[in-house]
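Written out below as structure tokens is the structure these notes cover.
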Amino acid sequence: MTGLLLLVSLSACGTGVRLDQAPVEDRVAAPVSAIAPAPAGQGAGVEPRGVSGVEVASADVVQPAGMSRVVYFDFDRYDIRPEFMPTLEANARHLNADRSRRVALEGHTDERGGREYNLALGQKRAEAVRRTLSLLGVNEAQMEAVSFGEEKPAAAGFDEAAFAQNRRVELSYRR
């Protein structure tokens, strides 16, 4: 009886579909020119609610000349090294001199680590610079901290010299 019950159960699980003869459907993507443009101000296929855009400096925004705008970090760290305090103090003076100036604090990492980890680390680095500038008197409304993770390396290569140049926060002035 048990054997008969097992045989009936197994036969009920069979599908009768032969996997070696499964139909294959060719799904070729539509050419880019065939896709209708999105309405102004909206991304194609992206729900815009709850997503805020990041403003990146345009080419016509003049970056301060003769002033360093990069802070470098140690591996897997997001604390400000003492040698970069003069850089942040100079940028704070520049921002405090004109409260209409805005700056994007762009956090970057080297390529070691996963994508999510590097985005989070880049954000922590940008936030550390933002907090330091805030302590130096810069208005919060003048700053925006963003992370690019490992996506925009400053130096190509797989050695420590390239990695060290990629672990940074860039201060990018915008309107």
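Chains: A, B, ... in order of the structure tokens. Residues: from 1 per chain. Ligands: from 1, in order shown.
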Within 8 Å of range 87-90 of chain A using only C-alpha atoms, minus same-chain residues under 5 positions, as a ChimeraX atom specification
/A:67-71,129,132-133,136
Output file for the selection above: N, CA and C atoms, as a compact mmCIF listing (two decimals), in the first residue's frame:
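Result written to again_10.txt:
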```
# COMPACT_ATOMS: atom_id res chain seq x y z
N MET A 67 43.72 76.92 -4.25
CA MET A 67 43.27 76.37 -2.99
C MET A 67 43.01 74.87 -3.18
N SER A 68 43.60 74.07 -2.33
CA SER A 68 43.39 72.63 -2.42
C SER A 68 41.95 72.30 -2.09
N ARG A 69 41.38 71.38 -2.85
CA ARG A 69 39.99 70.98 -2.66
C ARG A 69 39.84 69.48 -2.54
N VAL A 70 40.90 68.79 -2.10
CA VAL A 70 40.86 67.33 -1.96
C VAL A 70 41.39 66.95 -0.59
N VAL A 71 40.67 66.05 0.08
CA VAL A 71 41.08 65.49 1.37
C VAL A 71 41.24 63.99 1.16
N VAL A 129 33.77 65.27 6.32
CA VAL A 129 34.19 66.59 5.83
C VAL A 129 33.09 67.61 6.08
N THR A 132 33.11 68.62 9.74
CA THR A 132 34.26 69.46 10.03
C THR A 132 34.04 70.88 9.52
N LEU A 133 33.54 71.01 8.29
CA LEU A 133 33.25 72.34 7.75
C LEU A 133 32.17 73.03 8.57
N LEU A 136 33.55 74.54 11.50
CA LEU A 136 34.33 75.73 11.13
C LEU A 136 33.41 76.88 10.70
```
Using only C-alpha atoms, which residues sit within 10 Å of Ala141 in chain A once same-chain residues fewer than 4 positions away are excluded, as an NGL selection string?
:A and (99-103)
Residues within 9 Å of range 160-171 of chain A, please, as a PyMOL selection string. Count only C-alpha atoms; anything in the same chain fewer than 2 positions from it doesn't count.
chain A and resi 68-76+91+103-112+122+125-126+129+147+150+152-158+173
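The spacing separating CA of Gly114 in chain A from CA of Asp159 in chain A amounts to 17.9 Å.
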Mind pulling up the distance from CA of Arg174 in chain A to CA of Gly66 in chain A?
17.1 Å
Atomic distance CA of Gly149 in chain A - CA of Pro86 in chain A, expressed in Å with one decimal:
24.8 Å
May I ask which of the residues A:Arg115, A:Ala97, A:Pro64, A:Val146 is the closest one to Glu127 in chain A, counting only C-alpha atoms?
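Using only C-alpha atoms, the shortest distance to Glu127 in chain A belongs to A:Val146.
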Between A:Glu151, A:Glu140, A:Ala145, A:Leu121, which has the minimum distance to Leu95 in chain A (counting only C-alpha atoms)?
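Under the stated criterion, the closest residue is A:Glu140.
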